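Colleague: The structure follows.
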Amino acid sequence: MFLQGLWYFGALSAQVKTGAPLAVQIAGEPLLLGRDARGAVFALRDICPHRAMPLSEGVQHTGANGETHIACPYHGWRFGVDGVCRAIPSLTEDQAAAMDIGKIRTRAYPAREVQGLVWIYLGKEGEQPQGPPPRLDHVGDSAPRLHVEMDFDCPLDHAVIGLMDPAHIPYIHRQWWWRTARSVHEKQKAFGPVPLGFSMLPHQPSSNSFLYKLLGAKPQTEIRFELPGLRTEYVLAGGRQVTGFTAVTPVDEAQTKITIALYWDHPLLTLVPDVLLHKAIMTFAGQDRDAVQAQQKGLRHDPKLMLIHDADVQAMWYFKLKREWADARAQGRPFVNPVKPAVLRWRS
Ligand code: FES
Ligand SMILES: [Fe+2]
């Protein structure tokens with residue numbers, strides 16, 4: 001159902017605090033995201049192996065040796081950040097001595113933190129990631145300066161293709177500060193493959209966007225999409241950057257979470273009050289959410305759908321990328337990116 005062997009966006013670093021485990025669900029997996037006493041992030045399956053209590057509702061302790069433990073709120077069983085049981089308080093001394101509690105465990109997932117984002121690797125149990133989590137260009141080691149989260153009541157694929165689809169823009173996003181329906185014109189953009197997806201290669205953005213004009217100094221933009229659902233938009237202008245990272249993360253088969261994290265060192269964005277920026281992003285993403293949620297009414301009847309050239313080619317690539325990833329993994333061979341360099345044309 002969901003691609004395995006990939007890093008999934010878990011949370012913002014700022015949301016994962018020492019002593020306050022965070023419950024999230026990714027691709028149907030209930031997870032506890034935590035931060036140990038030394039500040040390192042960890043991820044556990046959020047189900048106590050005793051009687052299924054969410055461990056995220058428990059308490060984090062630091063043991064005598066400095067080791068971080070999570071204590072289940074129901075009967076106090078304690079687990080290390082490796083998921084292995086460390087203590088069962090109800091056992092008498094002789095019972096504990098006769099039992100190997102180290103065999104009791106909840107699953108631990110590889111977790112890492114990069115540029116203010118926490119990544120969780122979903123693969124087979126015990127599988128180690130092939131490489132590090134995604135790293136954004138241009139932002140150095142900075143953390144996002146602003147973020148927006150939104151739940152879409154739709155499956156992952158519709159959320160992803162809804163966000164990458166250029167033809168909906170003049171219909172769904174009509175605010176004056178973005179563009180107007182009258183500004184529609186023919187576009188031509190060059191695309192090429194990137195490791196796990198494709199890029200709308202660096203170009204001067206469309207002149208019908210008011211915001212880009214404000215950035216001045218001939219802005220250059222690149223938009224990348226990579227599996228499992230990561231979209232990054234880089235805008236460079238006069239040696240400064242504005243980077244919009246969007247993680248489209250499946251919660252389960254029917255729910256998708258959108259997290260938009262914004263990085264910048266461009267002075268223009270620093271001038272805009274955070275509340276206004278937040279509101280603008282909420283408006284924009286809310287329009288996408290309303291569209292895909294309305295689409296669910298039609299999809300309930302399971303109609304046949306169409307993808308057409310060239311406006312839907314990115315959606316076609318997305319489905320090809322997914323299929324190739326799943327096939328390569330099933331066949332134990334390297335992933336071969338199915339996207340070839342192409343110029344796409346559409347009106348928007
Ligand atoms: S359910 Fe967790 S200790 Fe019993
Ligand atoms: Fe949109």
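Residue numbering restarts at 1 in every chain; chains get A, B, ... in the order shown in the structure tokens, and ligands count up from 1 in that same order.
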Find the spatial neighbours of A:Arg323, counting only C-alpha atoms, within a cut-off of 10 Å - ignore same-chain residues fewer than 6 positions away - and output them as a ChimeraX atom specification.
Modeller: /A:3,317,329,338
Colleague: Could you name the residues that touch stretch 271-273 of chain A at 12 Å or less, counting only C-alpha atoms, but leaving out those on the same chain fewer than 5 positions away, as an MDAnalysis selection string?
Modeller: chainID A and resid 145:146 214:215 264:266 278:280
Colleague: Within 12 Å of A:Asp137, counting only C-alpha atoms, which residues show up once you throw out same-chain ones fewer than 5 positions away? Write them as number ranges by chain, please.
Modeller: A: 114-115, 142, 222-224, 232-236, 241-245, 263-264
Colleague: If you run DSSP on this backbone, which residues of stretch 31-269 of chain A come out as strand (DSSP E), and could you give them as a PyMOL selection string?
Modeller: chain A and resi 31-35+41-45+59-62+68-71+78-80+85-87+108-109+111-114+117-122+146-152+186-194+197-203+220-226+230-237+240-250+256-264
Colleague: Would you tabulate, counting only C-alpha atoms and all ligand atoms, all residues of chain A that have an atom at most 10 Å from an atom of ligand 2, showing the closest pair of atoms and their distance in Å to one decimal, sorted by chain then ascending number, as a Markdown table?
Modeller:
```
| residue | atom | partner | partner_atom_place_in_ligand_line | distance |
| --- | --- | --- | --- | --- |
| A:Ala159 | CA | ligand 2 | 1 (Fe) | 9.6 |
| A:Val160 | CA | ligand 2 | 1 (Fe) | 10.0 |
| A:Ile161 | CA | ligand 2 | 1 (Fe) | 9.4 |
| A:Gly162 | CA | ligand 2 | 1 (Fe) | 6.3 |
| A:Leu163 | CA | ligand 2 | 1 (Fe) | 4.9 |
| A:Met164 | CA | ligand 2 | 1 (Fe) | 7.3 |
| A:Asp165 | CA | ligand 2 | 1 (Fe) | 7.1 |
| A:Pro166 | CA | ligand 2 | 1 (Fe) | 7.8 |
| A:Ala167 | CA | ligand 2 | 1 (Fe) | 9.1 |
| A:His168 | CA | ligand 2 | 1 (Fe) | 6.6 |
| A:Ile169 | CA | ligand 2 | 1 (Fe) | 5.8 |
| A:Pro170 | CA | ligand 2 | 1 (Fe) | 9.3 |
| A:Tyr171 | CA | ligand 2 | 1 (Fe) | 9.3 |
| A:Ile172 | CA | ligand 2 | 1 (Fe) | 6.7 |
| A:His173 | CA | ligand 2 | 1 (Fe) | 6.6 |
| A:Phe284 | CA | ligand 2 | 1 (Fe) | 6.9 |
| A:Ala285 | CA | ligand 2 | 1 (Fe) | 6.7 |
| A:Gly286 | CA | ligand 2 | 1 (Fe) | 8.8 |
| A:Gln287 | CA | ligand 2 | 1 (Fe) | 6.8 |
| A:Asp288 | CA | ligand 2 | 1 (Fe) | 4.7 |
| A:Arg289 | CA | ligand 2 | 1 (Fe) | 8.4 |
| A:Ala291 | CA | ligand 2 | 1 (Fe) | 8.5 |
| A:Val292 | CA | ligand 2 | 1 (Fe) | 9.6 |
```
Colleague: How far is it from atom CA of A:Trp7 to atom CA of A:Leu32, in Å with one decimal?
Modeller: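 For atom CA of A:Trp7 relative to atom CA of A:Leu32, the distance reads 15.9 Å.
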Colleague: Could you give me, as a list of chain:residue names, every polymer residue with an atom at most 6 Å away from an atom of ligand 1, counting only C-alpha atoms and all ligand atoms?
Modeller: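 Listing the residues within 6 Å of ligand 1 gives A:Cys48, A:His50, A:Arg51, A:Ala52, A:Met53, A:Cys72, A:Tyr74, A:His75, A:Gly76, A:Trp77.
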Colleague: Could you save the residues just selected, with N, CA and C atoms, as a JSON list (two decimals), in the first residue's frame?
Modeller:
```json
[["chain", "number", "residue", "atom", "x", "y", "z"],
["A", 48, "CYS", "N", 2.32, -0.52, 23.31],
["A", 48, "CYS", "CA", 3.00, -1.31, 24.33],
["A", 48, "CYS", "C", 2.79, -2.79, 24.03],
["A", 50, "HIS", "N", 2.74, -5.17, 25.96],
["A", 50, "HIS", "CA", 1.96, -5.85, 27.01],
["A", 50, "HIS", "C", 0.49, -5.87, 26.61],
["A", 51, "ARG", "N", -0.17, -4.71, 26.65],
["A", 51, "ARG", "CA", -1.58, -4.72, 26.28],
["A", 51, "ARG", "C", -1.98, -3.48, 25.46],
["A", 52, "ALA", "N", -1.05, -3.11, 24.56],
["A", 52, "ALA", "CA", -1.36, -2.17, 23.47],
["A", 52, "ALA", "C", -1.59, -0.71, 23.86],
["A", 53, "MET", "N", -1.24, -0.35, 25.06],
["A", 53, "MET", "CA", -1.39, 1.06, 25.43],
["A", 53, "MET", "C", -0.44, 1.92, 24.59],
["A", 72, "CYS", "N", 5.43, 2.88, 30.17],
["A", 72, "CYS", "CA", 4.04, 2.76, 29.73],
["A", 72, "CYS", "C", 3.11, 3.26, 30.85],
["A", 74, "TYR", "N", 0.17, 2.36, 31.59],
["A", 74, "TYR", "CA", -0.80, 1.39, 32.12],
["A", 74, "TYR", "C", -0.24, 0.58, 33.29],
["A", 75, "HIS", "N", 0.90, -0.12, 33.06],
["A", 75, "HIS", "CA", 1.48, -0.94, 34.13],
["A", 75, "HIS", "C", 2.96, -0.64, 34.36],
["A", 76, "GLY", "N", 3.40, 0.46, 33.73],
["A", 76, "GLY", "CA", 4.75, 0.95, 34.04],
["A", 76, "GLY", "C", 5.91, 0.21, 33.40],
["A", 77, "TRP", "N", 5.65, -0.69, 32.45],
["A", 77, "TRP", "CA", 6.77, -1.35, 31.79],
["A", 77, "TRP", "C", 7.64, -0.28, 31.16]]
```
Colleague: One number please: atom CA of A:Gly102 to atom CA of A:Gly66, in Å, one decimal.
Modeller: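 Here the two named atoms are 18.5 Å from each other.
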Colleague: What's the 12 Å shell around A:Val275, counting only C-alpha atoms, without same-chain residues fewer than 5 positions away, as a ChimeraX atom specification?
Modeller: /A:146-148,269-270,280-282
Colleague: Can those selected residues be exported to a file as a JSON list (two decimals), in the first residue's frame so that it contains all heavy atoms?
Modeller:
```json
[["chain", "number", "residue", "atom", "x", "y", "z"],
["A", 146, "LEU", "N", 9.26, 29.19, 9.51],
["A", 146, "LEU", "CA", 7.79, 29.21, 9.61],
["A", 146, "LEU", "C", 7.27, 27.87, 9.11],
["A", 146, "LEU", "O", 7.88, 27.28, 8.21],
["A", 146, "LEU", "CB", 7.27, 30.31, 8.67],
["A", 146, "LEU", "CG", 5.82, 30.69, 8.83],
["A", 146, "LEU", "CD1", 5.76, 31.96, 9.67],
["A", 146, "LEU", "CD2", 5.18, 30.98, 7.48],
["A", 147, "HIS", "N", 6.19, 27.39, 9.70],
["A", 147, "HIS", "CA", 5.61, 26.17, 9.15],
["A", 147, "HIS", "C", 4.09, 26.18, 9.28],
["A", 147, "HIS", "O", 3.53, 26.91, 10.12],
["A", 147, "HIS", "CB", 6.19, 24.93, 9.83],
["A", 147, "HIS", "CG", 5.60, 24.66, 11.17],
["A", 147, "HIS", "ND1", 6.07, 25.24, 12.32],
["A", 147, "HIS", "CD2", 4.54, 23.90, 11.55],
["A", 147, "HIS", "CE1", 5.35, 24.85, 13.34],
["A", 147, "HIS", "NE2", 4.41, 24.04, 12.90],
["A", 148, "VAL", "N", 3.48, 25.39, 8.42],
["A", 148, "VAL", "CA", 2.02, 25.25, 8.41],
["A", 148, "VAL", "C", 1.73, 23.76, 8.30],
["A", 148, "VAL", "O", 2.39, 23.05, 7.55],
["A", 148, "VAL", "CB", 1.43, 26.00, 7.19],
["A", 148, "VAL", "CG1", -0.03, 25.65, 6.98],
["A", 148, "VAL", "CG2", 1.60, 27.51, 7.35],
["A", 269, "LEU", "N", 11.07, 38.60, 2.87],
["A", 269, "LEU", "CA", 10.21, 37.77, 3.72],
["A", 269, "LEU", "C", 10.34, 38.13, 5.19],
["A", 269, "LEU", "O", 9.41, 37.94, 5.97],
["A", 269, "LEU", "CB", 10.48, 36.29, 3.50],
["A", 269, "LEU", "CG", 9.51, 35.71, 2.47],
["A", 269, "LEU", "CD1", 10.04, 35.89, 1.09],
["A", 269, "LEU", "CD2", 9.19, 34.29, 2.77],
["A", 270, "THR", "N", 11.50, 38.64, 5.55],
["A", 270, "THR", "CA", 11.71, 39.04, 6.94],
["A", 270, "THR", "C", 10.85, 40.26, 7.26],
["A", 270, "THR", "O", 10.45, 40.48, 8.40],
["A", 270, "THR", "CB", 13.21, 39.31, 7.17],
["A", 270, "THR", "OG1", 13.92, 38.17, 6.68],
["A", 270, "THR", "CG2", 13.54, 39.50, 8.63],
["A", 280, "ALA", "N", -1.29, 33.55, 4.58],
["A", 280, "ALA", "CA", -1.23, 33.39, 3.12],
["A", 280, "ALA", "C", -1.03, 31.93, 2.74],
["A", 280, "ALA", "O", -1.68, 31.41, 1.84],
["A", 280, "ALA", "CB", -0.11, 34.26, 2.56],
["A", 281, "ILE", "N", -0.14, 31.26, 3.46],
["A", 281, "ILE", "CA", 0.14, 29.84, 3.16],
["A", 281, "ILE", "C", -1.09, 28.99, 3.50],
["A", 281, "ILE", "O", -1.46, 28.08, 2.76],
["A", 281, "ILE", "CB", 1.39, 29.33, 3.90],
["A", 281, "ILE", "CG1", 2.61, 30.15, 3.46],
["A", 281, "ILE", "CG2", 1.62, 27.86, 3.63],
["A", 281, "ILE", "CD1", 3.87, 29.86, 4.27],
["A", 282, "MET", "N", -1.74, 29.32, 4.62],
["A", 282, "MET", "CA", -2.96, 28.59, 5.01],
["A", 282, "MET", "C", -4.04, 28.75, 3.94],
["A", 282, "MET", "O", -4.76, 27.81, 3.61],
["A", 282, "MET", "CB", -3.52, 29.13, 6.34],
["A", 282, "MET", "CG", -2.74, 28.72, 7.56],
["A", 282, "MET", "SD", -2.84, 26.96, 7.95],
["A", 282, "MET", "CE", -4.39, 26.88, 8.81]]
```
Colleague: Just list the residues in stretch 93-308 of chain A DSSP gives alpha helix (DSSP H) on the backbone, as a ChimeraX atom specification.
Modeller: /A:93-98,156-164,169-172,210-215,267-271,274-299
Colleague: I need the residue nearest A:His61 from this list: A:Phe79, A:Trp119, A:Phe152, A:Phe42. Use only C-alpha atoms for the distance.
Modeller: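 Checking each of A:Phe79, A:Trp119, A:Phe152, A:Phe42 against A:His61, counting only C-alpha atoms, the winner is A:Phe79.
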Colleague: Please indicate the distance in Å from atom CA of A:Ala294 to atom CA of A:Pro250, rounded to one decimal place.
Modeller: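 Going from atom CA of A:Ala294 over to atom CA of A:Pro250, I get 18.5 Å.
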Colleague: So which one's closest to A:Ala311, A:Ile88, A:Ile120, A:Leu344, A:Ala108? Using only C-alpha atoms, please.
Modeller: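 Nearest candidate to A:Ala311 out of A:Ile88, A:Ile120, A:Leu344, A:Ala108: A:Leu344.
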Colleague: Please identify all polymer residues within 8 Å of A:Glu324, counting only C-alpha atoms, omitting same-chain residues fewer than 4 positions from it, and present them as a PDB file with all heavy atoms, in the first residue's frame.
Modeller:
```pdb
ATOM      1  N   LYS A 320       4.620   6.450 -12.225  1.00  0.00           N
ATOM      2  CA  LYS A 320       5.727   5.609 -12.737  1.00  0.00           C
ATOM      3  C   LYS A 320       6.820   5.447 -11.693  1.00  0.00           C
ATOM      4  O   LYS A 320       7.395   4.366 -11.533  1.00  0.00           O
ATOM      5  CB  LYS A 320       6.344   6.261 -13.989  1.00  0.00           C
ATOM      6  CG  LYS A 320       5.584   5.989 -15.255  1.00  0.00           C
ATOM      7  CD  LYS A 320       6.428   6.417 -16.452  1.00  0.00           C
ATOM      8  CE  LYS A 320       5.608   6.317 -17.721  1.00  0.00           C
ATOM      9  NZ  LYS A 320       6.180   7.130 -18.810  1.00  0.00           N
ATOM     10  N   ALA A 328      11.457  -2.354  -8.062  1.00  0.00           N
ATOM     11  CA  ALA A 328      12.892  -2.514  -7.806  1.00  0.00           C
ATOM     12  C   ALA A 328      13.102  -3.157  -6.440  1.00  0.00           C
ATOM     13  O   ALA A 328      13.938  -4.043  -6.276  1.00  0.00           O
ATOM     14  CB  ALA A 328      13.593  -1.155  -7.880  1.00  0.00           C
ATOM     15  N   PHE A 335      16.978   0.968  -8.076  1.00  0.00           N
ATOM     16  CA  PHE A 335      15.911   1.795  -8.646  1.00  0.00           C
ATOM     17  C   PHE A 335      16.464   2.520  -9.878  1.00  0.00           C
ATOM     18  O   PHE A 335      17.552   3.082  -9.831  1.00  0.00           O
ATOM     19  CB  PHE A 335      15.482   2.796  -7.572  1.00  0.00           C
ATOM     20  CG  PHE A 335      14.622   3.925  -8.049  1.00  0.00           C
ATOM     21  CD1 PHE A 335      13.260   3.755  -8.237  1.00  0.00           C
ATOM     22  CD2 PHE A 335      15.178   5.188  -8.276  1.00  0.00           C
ATOM     23  CE1 PHE A 335      12.466   4.813  -8.651  1.00  0.00           C
ATOM     24  CE2 PHE A 335      14.379   6.251  -8.691  1.00  0.00           C
ATOM     25  CZ  PHE A 335      13.030   6.061  -8.877  1.00  0.00           C
ATOM     26  N   VAL A 336      15.716   2.474 -10.968  1.00  0.00           N
ATOM     27  CA  VAL A 336      16.125   3.190 -12.184  1.00  0.00           C
ATOM     28  C   VAL A 336      15.068   4.248 -12.454  1.00  0.00           C
ATOM     29  O   VAL A 336      13.911   3.925 -12.751  1.00  0.00           O
ATOM     30  CB  VAL A 336      16.239   2.228 -13.393  1.00  0.00           C
ATOM     31  CG1 VAL A 336      16.703   2.996 -14.627  1.00  0.00           C
ATOM     32  CG2 VAL A 336      17.189   1.078 -13.079  1.00  0.00           C
ATOM     33  N   ASN A 337      15.472   5.502 -12.338  1.00  0.00           N
ATOM     34  CA  ASN A 337      14.499   6.591 -12.482  1.00  0.00           C
ATOM     35  C   ASN A 337      13.860   6.552 -13.877  1.00  0.00           C
ATOM     36  O   ASN A 337      14.562   6.640 -14.881  1.00  0.00           O
ATOM     37  CB  ASN A 337      15.200   7.928 -12.255  1.00  0.00           C
ATOM     38  CG  ASN A 337      14.196   9.060 -12.091  1.00  0.00           C
ATOM     39  OD1 ASN A 337      13.164   9.081 -12.746  1.00  0.00           O
ATOM     40  ND2 ASN A 337      14.512  10.002 -11.215  1.00  0.00           N
ATOM     41  N   PRO A 338      12.532   6.409 -13.941  1.00  0.00           N
ATOM     42  CA  PRO A 338      11.869   6.312 -15.246  1.00  0.00           C
ATOM     43  C   PRO A 338      11.678   7.662 -15.939  1.00  0.00           C
ATOM     44  O   PRO A 338      11.245   7.704 -17.094  1.00  0.00           O
ATOM     45  CB  PRO A 338      10.507   5.699 -14.896  1.00  0.00           C
ATOM     46  CG  PRO A 338      10.247   6.136 -13.481  1.00  0.00           C
ATOM     47  CD  PRO A 338      11.591   6.252 -12.813  1.00  0.00           C
TER      48      PRO A 338
END
```
Colleague: I'd like the neighbourhood of A:Phe198 as an mmCIF file with all heavy atoms, in the first residue's frame, where a residue qualifies if any of its atoms comes within 8 Å (using only C-alpha atoms), though same-chain residues fewer than 3 positions away should be ignored.
Modeller:
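Result file selection-v8.cif:
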```
data_model
loop_
_atom_site.group_PDB
_atom_site.id
_atom_site.type_symbol
_atom_site.label_atom_id
_atom_site.label_comp_id
_atom_site.auth_asym_id
_atom_site.auth_seq_id
_atom_site.Cartn_x
_atom_site.Cartn_y
_atom_site.Cartn_z
ATOM 1 N N PHE A 191 12.103 19.870 -17.771
ATOM 2 C CA PHE A 191 12.168 18.968 -16.609
ATOM 3 C C PHE A 191 13.300 17.967 -16.788
ATOM 4 O O PHE A 191 13.682 17.660 -17.917
ATOM 5 C CB PHE A 191 10.853 18.183 -16.479
ATOM 6 C CG PHE A 191 9.686 19.007 -16.020
ATOM 7 C CD1 PHE A 191 9.003 19.824 -16.909
ATOM 8 C CD2 PHE A 191 9.273 18.970 -14.694
ATOM 9 C CE1 PHE A 191 7.913 20.584 -16.477
ATOM 10 C CE2 PHE A 191 8.197 19.726 -14.263
ATOM 11 C CZ PHE A 191 7.515 20.541 -15.161
ATOM 12 N N GLY A 192 13.765 17.462 -15.689
ATOM 13 C CA GLY A 192 14.778 16.410 -15.756
ATOM 14 C C GLY A 192 14.710 15.564 -14.500
ATOM 15 O O GLY A 192 14.107 15.968 -13.505
ATOM 16 N N PRO A 193 15.327 14.368 -14.547
ATOM 17 C CA PRO A 193 15.285 13.493 -13.362
ATOM 18 C C PRO A 193 16.202 14.000 -12.241
ATOM 19 O O PRO A 193 17.228 14.630 -12.511
ATOM 20 C CB PRO A 193 15.796 12.150 -13.897
ATOM 21 C CG PRO A 193 16.590 12.481 -15.121
ATOM 22 C CD PRO A 193 16.024 13.760 -15.682
ATOM 23 N N VAL A 194 15.813 13.755 -10.999
ATOM 24 C CA VAL A 194 16.677 13.915 -9.825
ATOM 25 C C VAL A 194 16.608 12.563 -9.112
ATOM 26 O O VAL A 194 15.769 11.733 -9.485
ATOM 27 C CB VAL A 194 16.226 15.085 -8.907
ATOM 28 C CG1 VAL A 194 16.413 16.426 -9.600
ATOM 29 C CG2 VAL A 194 14.796 14.916 -8.435
ATOM 30 N N PRO A 195 17.475 12.293 -8.103
ATOM 31 C CA PRO A 195 17.583 10.904 -7.616
ATOM 32 C C PRO A 195 16.270 10.136 -7.414
ATOM 33 O O PRO A 195 16.109 9.052 -7.942
ATOM 34 C CB PRO A 195 18.370 11.062 -6.315
ATOM 35 C CG PRO A 195 19.284 12.212 -6.618
ATOM 36 C CD PRO A 195 18.460 13.167 -7.461
ATOM 37 N N ARG A 224 11.287 20.727 -7.183
ATOM 38 C CA ARG A 224 11.616 19.299 -7.248
ATOM 39 C C ARG A 224 10.541 18.487 -6.549
ATOM 40 O O ARG A 224 9.990 18.910 -5.539
ATOM 41 C CB ARG A 224 12.929 19.028 -6.521
ATOM 42 C CG ARG A 224 14.115 19.489 -7.312
ATOM 43 C CD ARG A 224 15.392 19.030 -6.660
ATOM 44 N NE ARG A 224 16.392 20.071 -6.875
ATOM 45 C CZ ARG A 224 17.498 20.202 -6.165
ATOM 46 N NH1 ARG A 224 17.758 19.364 -5.178
ATOM 47 N NH2 ARG A 224 18.352 21.160 -6.428
ATOM 48 N N PHE A 225 10.317 17.329 -7.093
ATOM 49 C CA PHE A 225 9.442 16.374 -6.419
ATOM 50 C C PHE A 225 10.210 15.077 -6.257
ATOM 51 O O PHE A 225 10.832 14.597 -7.200
ATOM 52 C CB PHE A 225 8.156 16.114 -7.225
ATOM 53 C CG PHE A 225 7.374 15.009 -6.583
ATOM 54 C CD1 PHE A 225 6.565 15.279 -5.499
ATOM 55 C CD2 PHE A 225 7.526 13.694 -6.997
ATOM 56 C CE1 PHE A 225 5.918 14.253 -4.831
ATOM 57 C CE2 PHE A 225 6.883 12.658 -6.334
ATOM 58 C CZ PHE A 225 6.072 12.942 -5.257
ATOM 59 N N GLU A 226 10.163 14.514 -5.066
ATOM 60 C CA GLU A 226 10.787 13.202 -4.855
ATOM 61 C C GLU A 226 9.903 12.324 -3.977
ATOM 62 O O GLU A 226 9.137 12.820 -3.139
ATOM 63 C CB GLU A 226 12.170 13.346 -4.215
ATOM 64 C CG GLU A 226 13.187 13.980 -5.173
ATOM 65 C CD GLU A 226 14.622 13.825 -4.718
ATOM 66 O OE1 GLU A 226 15.258 12.813 -5.072
ATOM 67 O OE2 GLU A 226 15.102 14.712 -3.999
ATOM 68 N N VAL A 339 12.013 8.765 -15.251
ATOM 69 C CA VAL A 339 11.789 10.096 -15.846
ATOM 70 C C VAL A 339 12.953 10.452 -16.770
ATOM 71 O O VAL A 339 14.113 10.341 -16.387
ATOM 72 C CB VAL A 339 11.644 11.178 -14.748
ATOM 73 C CG1 VAL A 339 11.491 12.561 -15.374
ATOM 74 C CG2 VAL A 339 10.471 10.853 -13.833
#
```
Colleague: Taking only C-alpha atoms into account, name the residue in A:Val81, A:Met306, A:Leu156, A:Pro49 that is nearest to A:Asp36.
Modeller: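 Counting only C-alpha atoms, the residue closest to A:Asp36 is A:Val81.
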Colleague: Nearest to A:Gly58: which of A:Ala23, A:Leu117, A:Leu12, A:Val41 is it, counting only C-alpha atoms?
Modeller: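 Nearest to A:Gly58: A:Ala23.
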Colleague: For a quick check of understanding, using only C-alpha atoms, which of A:Arg78, A:His185, A:Lys322, A:Arg174 has the smallest distance to A:Asp157?
Modeller: A:Lys322
Colleague: A:Asp153: which residues within 7 Å, counting only C-alpha atoms, same-chain residues fewer than 3 positions away excluded, as a ChimeraX atom specification?
Modeller: /A:254-256,293
Colleague: Filtering to C-alpha atoms, could you give me those residues as a PDB file, in the first residue's frame?
Modeller:
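Everything below was put into part_7.pdb:
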```
ATOM      1  CA  ALA A 254      -7.822   7.903   3.761  1.00  0.00           C
ATOM      2  CA  GLN A 255      -5.884  10.701   5.476  1.00  0.00           C
ATOM      3  CA  THR A 256      -2.888  12.717   4.391  1.00  0.00           C
ATOM      4  CA  GLN A 293     -11.846  16.979  -0.397  1.00  0.00           C
TER       5      GLN A 293
END
```
Colleague: Out of A:Asp312, A:Asp252, A:Asp274, A:Glu29, which residue has the shortest atom-to-atom distance to A:Leu122 when counting only C-alpha atoms?
Modeller: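 The shortest atom-to-atom distance to A:Leu122 comes from A:Glu29.
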